[in-house]
file start18.txt (compact mmCIF, C-alpha atoms and all ligand atoms)
# COMPACT_ATOMS: atom_id res chain seq x y z
CA MET L 1 -8.94 -19.88 2.74
CA ILE L 2 -8.71 -18.43 6.23
CA PRO L 3 -6.01 -15.80 6.72
CA GLN L 4 -3.40 -16.69 9.28
CA HIS L 5 -2.77 -13.24 10.70
CA ALA L 6 -2.86 -14.33 14.30
CA ALA L 7 0.50 -16.05 14.27
CA ALA L 8 2.32 -12.72 14.27
CA GLY L 9 1.67 -11.70 17.85
CA ARG L 10 4.79 -10.88 19.76
CA ARG L 11 2.62 -9.60 22.57
CA VAL L 12 -0.88 -10.42 21.53
CA ARG L 13 -1.40 -13.52 23.58
CA VAL L 14 -1.10 -11.78 26.94
CA ILE L 15 -3.37 -8.86 26.28
CA ALA L 16 -6.95 -9.93 25.84
CA PHE L 17 -8.16 -9.27 29.38
CA ALA L 18 -6.27 -6.02 29.73
CA VAL L 19 -7.82 -4.74 26.50
CA ALA L 20 -11.28 -5.66 27.64
CA GLY L 21 -10.77 -3.79 30.91
CA VAL L 22 -9.54 -0.63 29.25
CA LEU L 23 -12.32 -0.59 26.75
CA VAL L 24 -15.17 -1.21 29.08
CA ALA L 25 -13.95 1.77 31.07
CA GLY L 26 -13.29 3.72 27.86
CA LEU L 27 -16.73 3.19 26.43
CA GLY L 28 -18.41 4.45 29.57
CA THR L 29 -16.33 7.60 29.47
CA THR L 30 -16.98 8.07 25.78
CA ALA L 31 -20.71 7.82 26.18
CA ALA L 32 -20.62 10.37 28.98
CA LEU L 33 -18.44 12.75 27.02
CA ALA L 34 -20.57 12.39 23.91
CA ALA L 35 -23.68 13.15 25.93
CA THR L 36 -22.18 16.40 27.23
CA GLY L 37 -20.79 17.32 23.83
CA ALA L 38 -17.31 17.53 25.34
CA PHE L 39 -15.70 14.62 23.55
CA SER L 40 -12.64 15.99 21.86
CA ALA L 41 -13.12 14.17 18.56
CA GLY L 42 -15.76 16.85 18.26
CA ARG L 43 -18.17 15.91 15.49
CA VAL L 44 -21.02 15.52 17.96
CA GLU L 45 -20.86 19.27 18.54
CA THR L 46 -21.23 20.16 14.89
CA ILE L 47 -24.08 17.91 13.82
CA THR L 48 -27.47 19.43 14.49
CA THR L 49 -29.62 16.97 12.56
CA PRO L 50 -28.74 13.44 13.58
CA ARG L 51 -28.00 11.24 10.64
CA PRO L 52 -30.06 8.06 10.52
CA THR L 53 -28.08 5.14 11.82
CA PRO L 54 -27.58 2.80 8.88
CA SER L 55 -28.39 -0.86 9.28
CA VAL L 56 -25.38 -3.13 9.30
CA THR L 57 -27.49 -6.24 9.00
CA GLU L 58 -29.14 -5.23 5.74
CA PRO L 59 -26.51 -3.40 3.72
CA GLU L 60 -27.75 -1.66 0.62
CA VAL L 61 -26.95 -3.52 -2.54
CA THR L 62 -25.14 -1.10 -4.80
CA PRO L 63 -23.55 -1.69 -8.16
CA THR L 64 -19.77 -1.49 -8.27
CA PRO L 65 -19.00 2.24 -8.39
CA THR L 66 -16.70 3.66 -10.98
CA PRO L 67 -13.22 4.38 -9.60
CA THR L 68 -11.59 7.73 -10.18
CA GLY L 69 -8.51 6.25 -11.86
CA PRO L 70 -6.39 9.22 -12.90
CA TYR L 71 -7.19 11.16 -9.71
CA ARG L 72 -6.24 8.20 -7.53
CA GLU L 73 -3.04 7.57 -9.48
CA GLY L 74 -2.11 11.21 -9.03
CA LEU L 75 -1.60 10.51 -5.33
CA ALA L 76 1.47 8.64 -4.04
CA LEU L 77 3.56 9.13 -7.16
CA THR L 78 6.36 7.33 -5.36
CA PRO L 79 5.84 4.50 -2.85
CA PRO L 80 4.52 5.91 0.45
CA MET L 81 6.95 5.85 3.38
CA GLY L 82 6.30 6.19 7.08
CA TRP L 83 5.70 4.41 10.35
CA ASN L 84 2.79 2.15 11.28
CA SER L 85 1.86 1.18 14.82
CA TRP L 86 0.94 -2.45 14.19
CA ASN L 87 4.21 -4.40 14.06
CA TYR L 88 5.52 -2.58 17.14
CA LEU L 89 2.48 -1.88 19.34
CA ARG L 90 0.00 -4.35 17.95
CA CYS L 91 -3.37 -3.87 19.72
CA ASN L 92 -2.98 -3.53 23.47
CA ASP L 93 -0.05 -1.10 23.52
CA LEU L 94 -1.54 1.39 21.08
CA SER L 95 -2.06 4.85 22.57
CA GLU L 96 -1.84 8.49 21.68
CA ALA L 97 1.26 8.81 23.86
CA ALA L 98 2.99 5.97 22.04
CA VAL L 99 2.08 7.40 18.63
CA ARG L 100 3.26 10.90 19.56
CA SER L 101 6.47 9.50 20.97
CA ALA L 102 7.07 7.49 17.80
CA ALA L 103 6.35 10.57 15.69
CA ASP L 104 8.79 12.63 17.74
CA ALA L 105 11.50 10.02 17.24
CA ILE L 106 10.75 9.70 13.52
CA VAL L 107 11.57 13.41 13.30
CA SER L 108 14.49 13.59 15.75
CA ARG L 109 16.28 10.57 14.31
CA GLY L 110 16.25 11.90 10.77
CA LEU L 111 13.73 9.38 9.50
CA ALA L 112 11.15 11.99 8.56
CA SER L 113 13.65 14.03 6.59
CA ALA L 114 14.65 10.83 4.77
CA GLY L 115 11.02 10.51 3.63
CA TYR L 116 9.24 8.49 6.33
CA ASP L 117 6.44 10.98 6.85
CA TYR L 118 3.17 9.04 7.19
CA ILE L 119 2.35 8.12 10.79
CA VAL L 120 -0.32 5.45 10.62
CA VAL L 121 -2.49 4.51 13.59
CA ASP L 122 -3.46 0.90 12.90
CA ASP L 123 -6.24 -1.19 14.43
CA CYS L 124 -7.46 -0.77 18.05
CA TRP L 125 -7.89 3.00 18.21
CA GLN L 126 -11.70 2.76 17.95
CA ALA L 127 -14.08 2.90 20.91
CA GLY L 128 -17.36 2.75 19.02
CA ARG L 129 -19.74 5.23 17.42
CA ASP L 130 -21.62 8.14 18.95
CA ALA L 131 -25.36 8.68 18.75
CA ASN L 132 -24.96 10.04 15.23
CA GLY L 133 -22.96 7.07 14.08
CA VAL L 134 -19.68 8.97 14.04
CA LEU L 135 -16.62 6.88 14.89
CA ILE L 136 -15.01 7.79 18.20
CA ALA L 137 -11.51 7.09 19.35
CA ASP L 138 -11.04 5.42 22.70
CA PRO L 139 -10.73 8.39 25.07
CA ALA L 140 -8.66 6.38 27.53
CA ARG L 141 -6.05 5.62 24.91
CA PHE L 142 -6.43 8.79 22.83
CA PRO L 143 -7.44 11.44 25.38
CA SER L 144 -6.87 14.37 23.01
CA GLY L 145 -8.89 12.78 20.21
CA MET L 146 -7.97 12.13 16.62
CA LYS L 147 -8.32 15.67 15.30
CA ALA L 148 -5.76 16.84 17.86
CA LEU L 149 -3.45 13.98 16.99
CA GLY L 150 -3.67 14.88 13.32
CA ASP L 151 -2.95 18.51 14.14
CA TYR L 152 0.07 17.47 16.18
CA LEU L 153 1.45 15.31 13.37
CA HIS L 154 0.88 18.05 10.82
CA SER L 155 2.61 20.58 13.07
CA LYS L 156 5.70 18.40 12.89
CA GLY L 157 5.56 18.19 9.10
CA LEU L 158 4.18 14.65 9.22
CA LYS L 159 1.06 13.12 7.68
CA PHE L 160 -1.71 11.27 9.47
CA GLY L 161 -2.82 7.75 8.64
CA ILE L 162 -5.61 5.70 10.17
CA TYR L 163 -7.10 2.20 9.94
CA ALA L 164 -10.61 1.05 9.08
CA VAL L 165 -12.38 -1.96 7.57
CA PRO L 166 -15.07 -2.29 4.88
CA GLY L 167 -17.09 -4.91 6.75
CA THR L 168 -18.40 -5.16 10.30
CA VAL L 169 -15.39 -6.74 12.01
CA THR L 170 -11.82 -5.48 12.25
CA CYS L 171 -8.93 -7.90 12.13
CA ALA L 172 -8.21 -7.25 15.82
CA ASN L 173 -11.85 -8.00 16.63
CA TYR L 174 -11.23 -11.35 15.07
CA TRP L 175 -7.59 -12.20 15.78
CA ASP L 176 -6.79 -10.18 18.92
CA LYS L 177 -10.13 -10.45 20.72
CA TYR L 178 -10.52 -6.68 20.57
CA PRO L 179 -13.96 -6.45 22.14
CA VAL L 180 -15.45 -3.24 20.68
CA ARG L 181 -18.09 -3.93 18.04
CA GLY L 182 -19.81 -1.71 15.50
CA ILE L 183 -16.62 -0.05 14.28
CA GLY L 184 -16.58 -1.39 10.74
CA SER L 185 -17.43 1.00 7.91
CA LEU L 186 -20.14 -1.16 6.29
CA GLY L 187 -23.09 1.17 5.78
CA TYR L 188 -21.06 4.09 7.16
CA GLU L 189 -18.67 4.59 4.28
CA ALA L 190 -19.59 8.20 3.49
CA LEU L 191 -19.75 9.20 7.15
CA ASP L 192 -16.43 7.57 7.98
CA ALA L 193 -14.70 9.09 4.96
CA GLN L 194 -15.96 12.52 6.01
CA THR L 195 -14.96 11.93 9.63
CA PHE L 196 -11.44 11.00 8.54
CA ALA L 197 -11.25 14.07 6.31
CA ASP L 198 -12.46 16.24 9.20
CA TRP L 199 -9.73 14.80 11.39
CA GLY L 200 -7.09 15.70 8.81
CA VAL L 201 -6.38 12.13 7.77
CA ASP L 202 -3.99 11.83 4.80
CA PHE L 203 -3.81 8.04 4.47
CA LEU L 204 -6.40 5.32 5.02
CA LYS L 205 -5.43 1.70 5.55
CA TYR L 206 -8.60 -0.18 4.63
CA ASP L 207 -8.33 -3.81 5.64
CA PHE L 208 -10.72 -6.48 4.36
CA CYS L 209 -10.57 -8.79 7.41
CA ARG L 210 -12.80 -11.64 6.27
CA ALA L 211 -15.55 -9.30 5.04
CA GLU L 212 -16.29 -11.82 2.32
CA ILE L 213 -17.15 -14.36 5.01
CA ASN L 214 -18.73 -12.14 7.65
CA ASP L 215 -20.54 -9.68 5.43
CA GLY L 216 -20.70 -11.21 1.97
CA LEU L 217 -18.66 -8.36 0.49
CA VAL L 218 -16.75 -8.52 -2.76
CA GLU L 219 -13.29 -6.97 -2.56
CA GLN L 220 -13.30 -4.77 -5.65
CA ALA L 221 -16.75 -3.31 -4.99
CA ALA L 222 -16.09 -2.69 -1.31
CA PHE L 223 -12.78 -0.93 -1.87
CA THR L 224 -14.10 1.06 -4.80
CA LEU L 225 -17.00 2.33 -2.70
CA MET L 226 -14.64 3.77 -0.08
CA GLU L 227 -12.37 5.16 -2.80
CA GLN L 228 -15.30 7.17 -4.11
CA GLU L 229 -16.37 8.36 -0.67
CA LEU L 230 -12.83 9.56 0.04
CA VAL L 231 -12.83 11.51 -3.20
CA LYS L 232 -16.17 13.12 -2.36
CA THR L 233 -14.68 14.61 0.82
CA GLY L 234 -12.43 16.79 -1.32
CA ARG L 235 -9.39 15.86 0.75
CA ASP L 236 -6.48 13.99 -0.83
CA ILE L 237 -6.30 10.74 1.12
CA VAL L 238 -3.96 8.00 -0.02
CA LEU L 239 -5.79 4.65 -0.02
CA SER L 240 -3.92 1.56 1.12
CA ILE L 241 -5.92 -1.65 0.86
CA SER L 242 -5.30 -5.11 2.15
CA GLU L 243 -7.02 -8.32 1.29
CA TYR L 244 -3.75 -10.28 1.45
CA GLY L 245 -3.49 -10.91 -2.29
CA GLU L 246 -6.45 -13.28 -2.27
CA SER L 247 -8.43 -11.75 -5.12
CA GLN L 248 -5.30 -10.87 -7.11
CA PRO L 249 -5.82 -7.15 -6.41
CA TRP L 250 -2.99 -6.18 -8.76
CA THR L 251 -5.35 -7.06 -11.62
CA TRP L 252 -8.06 -4.58 -10.52
CA ALA L 253 -6.72 -2.22 -7.82
CA PRO L 254 -4.62 0.24 -9.89
CA GLY L 255 -6.73 3.38 -10.11
CA ILE L 256 -8.81 2.30 -7.10
CA ALA L 257 -6.10 2.09 -4.44
CA ASN L 258 -2.63 3.57 -4.19
CA MET L 259 -1.19 0.36 -2.78
CA TRP L 260 -2.50 -3.13 -2.24
CA ARG L 261 -1.13 -5.95 -0.17
CA THR L 262 0.12 -8.89 -2.19
CA SER L 263 0.26 -11.44 0.62
CA HIS L 264 -0.68 -12.22 4.21
CA ASP L 265 1.03 -10.54 7.17
CA LEU L 266 4.81 -10.48 7.12
CA HIS L 267 6.33 -11.97 10.25
CA PRO L 268 9.89 -11.29 11.41
CA ASN L 269 11.38 -14.59 10.32
CA TRP L 270 13.25 -15.85 7.30
CA LYS L 271 10.53 -18.06 5.84
CA SER L 272 7.97 -15.28 5.90
CA LEU L 273 10.43 -12.78 4.45
CA ALA L 274 11.41 -15.15 1.63
CA ASP L 275 7.78 -16.04 0.89
CA HIS L 276 6.83 -12.37 0.62
CA ILE L 277 9.66 -11.58 -1.78
CA ASN L 278 8.91 -14.63 -3.90
CA ALA L 279 5.24 -13.63 -4.07
CA GLU L 280 6.29 -10.46 -5.89
CA ALA L 281 7.85 -12.26 -8.84
CA GLY L 282 5.75 -11.58 -11.93
CA LEU L 283 3.86 -8.61 -10.47
CA SER L 284 6.01 -5.77 -11.79
CA GLN L 285 3.72 -5.10 -14.74
CA TYR L 286 0.93 -3.96 -12.41
CA ALA L 287 2.87 -1.32 -10.45
CA ARG L 288 3.27 2.26 -11.58
CA PRO L 289 3.32 5.73 -10.01
CA GLY L 290 0.28 6.02 -7.78
CA ALA L 291 -0.36 2.27 -7.79
CA TRP L 292 2.01 0.00 -5.87
CA ASN L 293 2.28 -3.65 -4.96
CA ASP L 294 2.68 -3.85 -1.18
CA PRO L 295 4.57 -6.83 0.25
CA ASP L 296 3.63 -5.53 3.75
CA MET L 297 5.35 -3.34 6.31
CA LEU L 298 8.94 -3.51 7.43
CA GLN L 299 9.85 -6.05 10.10
CA LEU L 300 13.41 -4.77 10.00
CA ALA L 301 14.88 -4.70 13.53
CA ASN L 302 12.06 -6.86 14.88
CA GLY L 303 14.02 -10.08 15.09
CA LEU L 304 15.33 -10.72 11.59
CA GLY L 305 19.05 -11.51 11.36
CA PRO L 306 21.45 -8.72 10.31
CA ASN L 307 21.69 -9.93 6.72
CA GLU L 308 17.94 -10.44 6.61
CA ASN L 309 17.39 -6.84 7.69
CA ILE L 310 19.52 -5.79 4.72
CA THR L 311 17.56 -8.11 2.47
CA GLN L 312 14.24 -6.65 3.53
CA MET L 313 15.40 -3.11 2.92
CA ALA L 314 17.25 -3.79 -0.33
CA MET L 315 14.55 -6.01 -1.81
CA TRP L 316 11.71 -3.72 -0.79
CA CYS L 317 13.58 -0.97 -2.64
CA MET L 318 14.01 -3.23 -5.66
CA LEU L 319 10.26 -3.88 -5.53
CA ALA L 320 9.31 -0.18 -5.42
CA ALA L 321 7.51 -1.15 -2.24
CA PRO L 322 5.92 1.19 0.29
CA LEU L 323 8.25 1.46 3.30
CA PHE L 324 6.53 1.51 6.69
CA ILE L 325 8.77 1.19 9.73
CA GLY L 326 7.25 -1.21 12.24
CA THR L 327 9.41 -0.84 15.30
CA ASP L 328 10.20 1.69 18.03
CA PRO L 329 12.04 4.52 16.31
CA ALA L 330 13.17 5.95 19.66
CA THR L 331 15.22 2.91 20.65
CA LEU L 332 16.24 1.73 17.19
CA ASP L 333 20.01 1.37 17.09
CA GLN L 334 21.92 3.66 14.81
CA ALA L 335 22.94 0.91 12.37
CA HIS L 336 19.25 0.27 11.66
CA VAL L 337 18.56 3.98 11.29
CA ASP L 338 21.46 4.16 8.83
CA LEU L 339 20.04 1.24 6.85
CA LEU L 340 16.54 2.75 6.78
CA THR L 341 17.86 6.14 5.70
CA ASN L 342 20.52 4.93 3.24
CA PRO L 343 19.97 7.53 0.51
CA GLU L 344 21.20 5.26 -2.27
CA LEU L 345 18.67 2.56 -1.39
CA LEU L 346 15.88 5.08 -0.96
CA ALA L 347 16.70 6.68 -4.31
CA ILE L 348 16.03 3.29 -5.91
CA ASP L 349 12.79 2.73 -4.00
CA GLN L 350 11.59 6.24 -4.78
CA ASP L 351 12.77 6.33 -8.38
CA PRO L 352 10.19 8.40 -10.26
CA LEU L 353 9.89 5.94 -13.13
CA GLY L 354 8.14 3.63 -10.66
CA ARG L 355 9.25 0.46 -12.43
CA GLN L 356 9.16 -2.47 -9.99
CA GLY L 357 12.02 -4.99 -10.17
CA ASP L 358 11.72 -8.35 -11.92
CA ARG L 359 13.23 -11.65 -10.96
CA LEU L 360 15.62 -12.56 -13.76
CA ARG L 361 17.22 -15.69 -12.39
CA ASP L 362 16.75 -18.13 -9.50
CA ALA L 363 19.60 -20.63 -9.37
CA ASP L 364 22.39 -21.89 -7.16
CA GLY L 365 21.16 -20.14 -4.03
CA ILE L 366 21.08 -16.66 -5.56
CA GLN L 367 18.18 -14.79 -7.08
CA VAL L 368 19.04 -11.98 -9.48
CA TRP L 369 16.52 -9.15 -9.72
CA GLY L 370 16.75 -6.16 -12.06
CA ARG L 371 15.08 -2.80 -12.20
CA GLN L 372 15.23 -0.02 -14.76
CA LEU L 373 15.62 3.46 -13.24
CA SER L 374 14.50 6.78 -14.61
CA ASP L 375 17.88 8.29 -15.51
CA GLY L 376 19.03 5.42 -17.73
CA SER L 377 20.69 3.66 -14.83
CA TYR L 378 19.77 0.22 -13.62
CA ALA L 379 19.60 -1.57 -10.27
CA VAL L 380 20.53 -5.21 -9.91
CA ALA L 381 20.09 -7.23 -6.72
CA PHE L 382 21.76 -10.50 -5.79
CA TRP L 383 19.60 -12.05 -3.09
CA ASN L 384 21.33 -14.95 -1.33
CA THR L 385 18.59 -17.42 -0.42
CA SER L 386 21.09 -19.96 0.93
CA TYR L 387 22.60 -20.58 4.34
CA SER L 388 26.18 -19.93 3.07
CA ASN L 389 28.07 -16.88 1.91
CA LEU L 390 27.98 -16.74 -1.88
CA SER L 391 28.94 -14.47 -4.74
CA SER L 392 27.56 -14.41 -8.24
CA SER L 393 27.58 -12.46 -11.47
CA VAL L 394 25.33 -11.50 -14.30
CA THR L 395 26.12 -10.25 -17.80
CA LEU L 396 24.90 -6.94 -19.10
CA ALA L 397 23.23 -8.88 -21.89
CA GLU L 398 21.16 -10.82 -19.33
CA LEU L 399 20.04 -7.47 -17.96
CA GLY L 400 19.16 -6.24 -21.44
CA LEU L 401 21.90 -3.64 -21.26
CA SER L 402 24.80 -2.73 -23.52
CA GLY L 403 27.61 -0.21 -23.18
CA THR L 404 29.88 0.61 -20.29
CA PHE L 405 28.59 1.16 -16.76
CA THR L 406 30.00 2.25 -13.45
CA VAL L 407 29.09 -0.19 -10.68
CA ARG L 408 28.20 1.05 -7.23
CA ASP L 409 27.37 -1.05 -4.17
CA ALA L 410 24.30 0.84 -2.88
CA VAL L 411 24.12 -0.99 0.45
CA ASN L 412 27.71 -0.33 1.47
CA ARG L 413 28.01 2.83 -0.63
CA VAL L 414 31.28 1.95 -2.34
CA ASP L 415 32.35 2.08 -5.97
CA LEU L 416 33.16 -1.26 -7.60
CA GLY L 417 34.70 0.01 -10.86
CA THR L 418 33.31 -0.16 -14.38
CA THR L 419 32.13 -2.98 -16.63
CA ALA L 420 31.23 -3.51 -20.26
CA ASP L 421 30.23 -7.15 -19.92
CA VAL L 422 30.01 -8.92 -16.54
CA VAL L 423 28.61 -7.50 -13.33
CA GLY L 424 30.04 -9.40 -10.38
CA SER L 425 28.50 -9.25 -6.94
CA PRO L 426 30.57 -8.86 -3.82
CA VAL L 427 30.39 -11.79 -1.42
CA VAL L 428 26.80 -11.83 -0.16
CA GLY L 429 26.26 -13.14 3.36
CA ALA L 430 23.76 -15.94 3.98
CA HIS L 431 20.22 -14.58 3.53
CA GLY L 432 21.71 -11.19 2.60
CA THR L 433 21.41 -9.07 -0.50
CA ALA L 434 23.88 -7.05 -2.58
CA LEU L 435 22.22 -4.23 -4.47
CA LEU L 436 24.30 -2.67 -7.23
CA ARG L 437 23.51 0.44 -9.19
CA LEU L 438 24.79 0.59 -12.77
CA ASP L 439 25.18 4.02 -14.34
CA PRO L 440 25.96 4.37 -18.05
CA VAL L 441 29.32 5.96 -18.78
CA GLY L 442 29.24 8.86 -21.21
C1 LIG A 1 -4.43 -7.40 9.50
C2 LIG A 1 -3.44 -6.59 8.68
C3 LIG A 1 -2.36 -6.08 9.61
C4 LIG A 1 -2.96 -5.23 10.71
C5 LIG A 1 -4.00 -6.04 11.46
C6 LIG A 1 -4.78 -5.19 12.44
O1 LIG A 1 -3.86 -8.56 10.01
O2 LIG A 1 -2.91 -7.38 7.67
O3 LIG A 1 -1.41 -5.32 8.87
O4 LIG A 1 -3.54 -4.08 10.15
O5 LIG A 1 -4.94 -6.62 10.57
O6 LIG A 1 -5.73 -5.95 13.13

call {"tool": "encode", "arguments": {"input": "start18.txt", "output": "structure tokens", "more": "lines below"}}
Ligand code: GLA
result
Amino acid sequence: MIPQHAAAGRRVRVIAFAVAGVLVAGLGTTAALAATGAFSAGRVETITTPRPTPSVTEPEVTPTPTPTGPYREGLALTPPMGWNSWNYLRCNDLSEAAVRSAADAIVSRGLASAGYDYIVVDDCWQAGRDANGVLIADPARFPSGMKALGDYLHSKGLKFGIYAVPGTVTCANYWDKYPVRGIGSLGYEALDAQTFADWGVDFLKYDFCRAEINDGLVEQAAFTLMEQELVKTGRDIVLSISEYGESQPWTWAPGIANMWRTSHDLHPNWKSLADHINAEAGLSQYARPGAWNDPDMLQLANGLGPNENITQMAMWCMLAAPLFIGTDPATLDQAHVDLLTNPELLAIDQDPLGRQGDRLRDADGIQVWGRQLSDGSYAVAFWNTSYSNLSSSVTLAELGLSGTFTVRDAVNRVDLGTTADVVGSPVVGAHGTALLRLDPVG
């Protein structure tokens, strides 16, 4: 099956020629800088014996390496949170200035202190490889280089994430006509892992991008290989993988990756949002601290309706999902900032038990999802999948609970009394979600 990533582009269709122009210029500059040793990404200055350039046409056949399991699961004990450039900047608008500006706003608007601390530079930062095979960032877009960007993010208390692919072709090469070639990690896994570690990278998004078709790679082996190379660097780097749920990564990725995509790209529309939530039903058994199902990044504030924004946030928290903001944090209106930083929702997402929610009922336009929390409390969501306002209820027995519980509306942050039998939802707007927290009394 061919992934349908391309449909997402809010801006992609107008950019192909502009990208080509920037990069042709950028590559010339890069080559010149590399030759003088002045390129700020800097590894060319430190390597005295050039590494042999690996062949990308004849990759070595290696057995599937053994993942590090407990080490990997010791990272990302709660679902990672942050900002990722892709949903906002896509390919053509990505630049160091835009990333720094987003990072500044993530801090100044209180998003970093709420937990959104990974700043991930997605696809289209790459300009090629130097004479030693070391990846170089496009000096036109990233004039200070990646090490300096990492230092800047760290100086603000943030963490640095970057994007790479296991094969020869990135998704933007394929879907966005990004013209630079030779930037995949196939045959360069150890070198790229070390380069990322040298740059201070804390998070790698490793994206399969048709590597099974283009390069004959097998998902589990390819991701495990990079997992091992990251470990060898000695730097703790969270590994986020995406192969869009095609090889059922939840069955093999725990212990190899810290999070794995469960579906194709999420687009900012109702059908896509609903499909992504529905795809999570039945997957809770595979998630645990250090190993998370990833229904993709937030599209909140990118064109979803107001109730749908609430649904994405509330349901992602019910799913113990990684939370990556995908919009401009500088211009985000305050209501969206308040939703993203709602401490009662985030406490559910980040609950240390790490138990993902389960779908308990799907009937009459409302889905009921439940999630056990670490302190004996319980979260229950009423997701209104209909086009009308609805309310619903569930019994404690249906939730597997007994006793008396206080009921708190975590979205609106109001108390709804106590119950010993029926938990009623408030009226839930069309496509909206009510998320209630039940705390045992006594
Ligand atoms: C794929 C991924 C996206 C993004 C793009 C970049 O489509 O699923 O999240 O990383 O590639 O090209």

call {"tool": "closest_residue", "arguments": {"input": "start18.txt", "among": "L:Asn258, L:Asn412, L:Asn87, L:Ser284", "to": "ligand LIG 1 (chain A)", "atoms": "only C-alpha atoms and all ligand atoms"}}
result
L:Asn87

call {"tool": "atom_distance", "arguments": {"input": "start18.txt", "atom1": "CA of Ile241 in chain L", "atom2": "CA of Arg141 in chain L"}}
result
25.1 Å

call {"tool": "residues_around", "arguments": {"input": "start18.txt", "residues": "Asp192 in chain L", "least_positions_apart": "3", "cutoff": "9 Å", "atoms": "only C-alpha atoms", "output": "mmCIF file with C-alpha atoms, in the coordinates of the input"}}
result
data_model
loop_
_atom_site.group_PDB
_atom_site.id
_atom_site.type_symbol
_atom_site.label_atom_id
_atom_site.label_comp_id
_atom_site.auth_asym_id
_atom_site.auth_seq_id
_atom_site.Cartn_x
_atom_site.Cartn_y
_atom_site.Cartn_z
ATOM 1 C CA GLY L 133 -22.960 7.070 14.080
ATOM 2 C CA VAL L 134 -19.680 8.970 14.040
ATOM 3 C CA LEU L 135 -16.620 6.880 14.890
ATOM 4 C CA ALA L 164 -10.610 1.050 9.080
ATOM 5 C CA SER L 185 -17.430 1.000 7.910
ATOM 6 C CA TYR L 188 -21.060 4.090 7.160
ATOM 7 C CA GLU L 189 -18.670 4.590 4.280
ATOM 8 C CA THR L 195 -14.960 11.930 9.630
ATOM 9 C CA PHE L 196 -11.440 11.000 8.540
ATOM 10 C CA ALA L 197 -11.250 14.070 6.310
ATOM 11 C CA GLU L 229 -16.370 8.360 -0.670
ATOM 12 C CA LEU L 230 -12.830 9.560 0.040
#

call {"tool": "axis_aligned_box", "arguments": {"input": "start18.txt", "around": "ligand LIG 1 (chain A)", "padding_each_side": "3 Å", "output": "lines of an AutoDock Vina configuration file"}}
result
center_x = -3.6
center_y = -6.3
center_z = 10.4
size_x = 10.3
size_y = 10.5
size_z = 11.5

call {"tool": "closest_residue", "arguments": {"input": "start18.txt", "among": "L:Ser393, L:Thr327, L:Ser377, L:Asn173", "to": "ligand LIG 1 (chain A)", "atoms": "only C-alpha atoms and all ligand atoms"}}
result
L:Asn173

call {"tool": "atom_distance", "arguments": {"input": "start18.txt", "atom1": "CA of Pro295 in chain L", "atom2": "CA of Gln350 in chain L"}}
result
15.7 Å

call {"tool": "residues_around", "arguments": {"input": "start18.txt", "residues": "range 69-79 of chain L", "least_positions_apart": "3", "cutoff": "12 Å", "atoms": "all atoms listed in the file", "output": "NGL selection string"}}
result
:L and (65-66 or 82 or 115-118 or 202-203 or 224 or 227-228 or 230-232 or 234-240 or 252-260 or 287-295 or 316-324 or 346-356)

call {"tool": "residues_near_ligand", "arguments": {"input": "start18.txt", "ligand": "ligand LIG 1 (chain A)", "cutoff": "7 Å", "atoms": "all atoms listed in the file", "output": "list in words"}}
result
His5, Trp86, Asp122, Asp123, Thr170, Cys171, Ala172, Asp207, Cys209, Ser242, Tyr244, His264 and Asp265 of chain L

call {"tool": "atom_distance", "arguments": {"input": "start18.txt", "atom1": "CA of Pro440 in chain L", "atom2": "CA of Thr404 in chain L"}}
result
5.9 Å

call {"tool": "closest_residue", "arguments": {"input": "start18.txt", "among": "L:Ser155, L:Gln299, L:Gln248, L:Ser386", "to": "Arg100 in chain L", "atoms": "all atoms listed in the file"}}
result
L:Ser155

call {"tool": "residues_around", "arguments": {"input": "start18.txt", "residues": "Ser388 in chain L", "least_positions_apart": "4", "cutoff": "9 Å", "atoms": "all atoms listed in the file", "output": "PyMOL selection string"}}
result
chain L and resi 365+384+428-431

call {"tool": "residues_around", "arguments": {"input": "start18.txt", "residues": "Lys156 in chain L", "least_positions_apart": "6", "cutoff": "9 Å", "atoms": "only C-alpha atoms", "output": "PyMOL selection string"}}
result
chain L and resi 103-104+107

call {"tool": "closest_residue", "arguments": {"input": "start18.txt", "among": "L:Ser108, L:Ser85, L:Ser272, L:Asn278", "to": "Phe160 in chain L", "atoms": "all atoms listed in the file"}}
result
L:Ser85

call {"tool": "residues_around", "arguments": {"input": "start18.txt", "residues": "range 304-309 of chain L", "least_positions_apart": "2", "cutoff": "6 Å", "atoms": "all atoms listed in the file", "output": "count of residues only"}}
result
7

call {"tool": "closest_residue", "arguments": {"input": "start18.txt", "among": "L:Arg437, L:His336, L:Arg413, L:Lys205", "to": "Asp375 in chain L", "atoms": "all atoms listed in the file"}}
result
L:Arg437

call {"tool": "closest_residue", "arguments": {"input": "start18.txt", "among": "L:Val99, L:Leu436, L:Ala112, L:Ala335", "to": "Gly417 in chain L", "atoms": "only C-alpha atoms"}}
result
L:Leu436
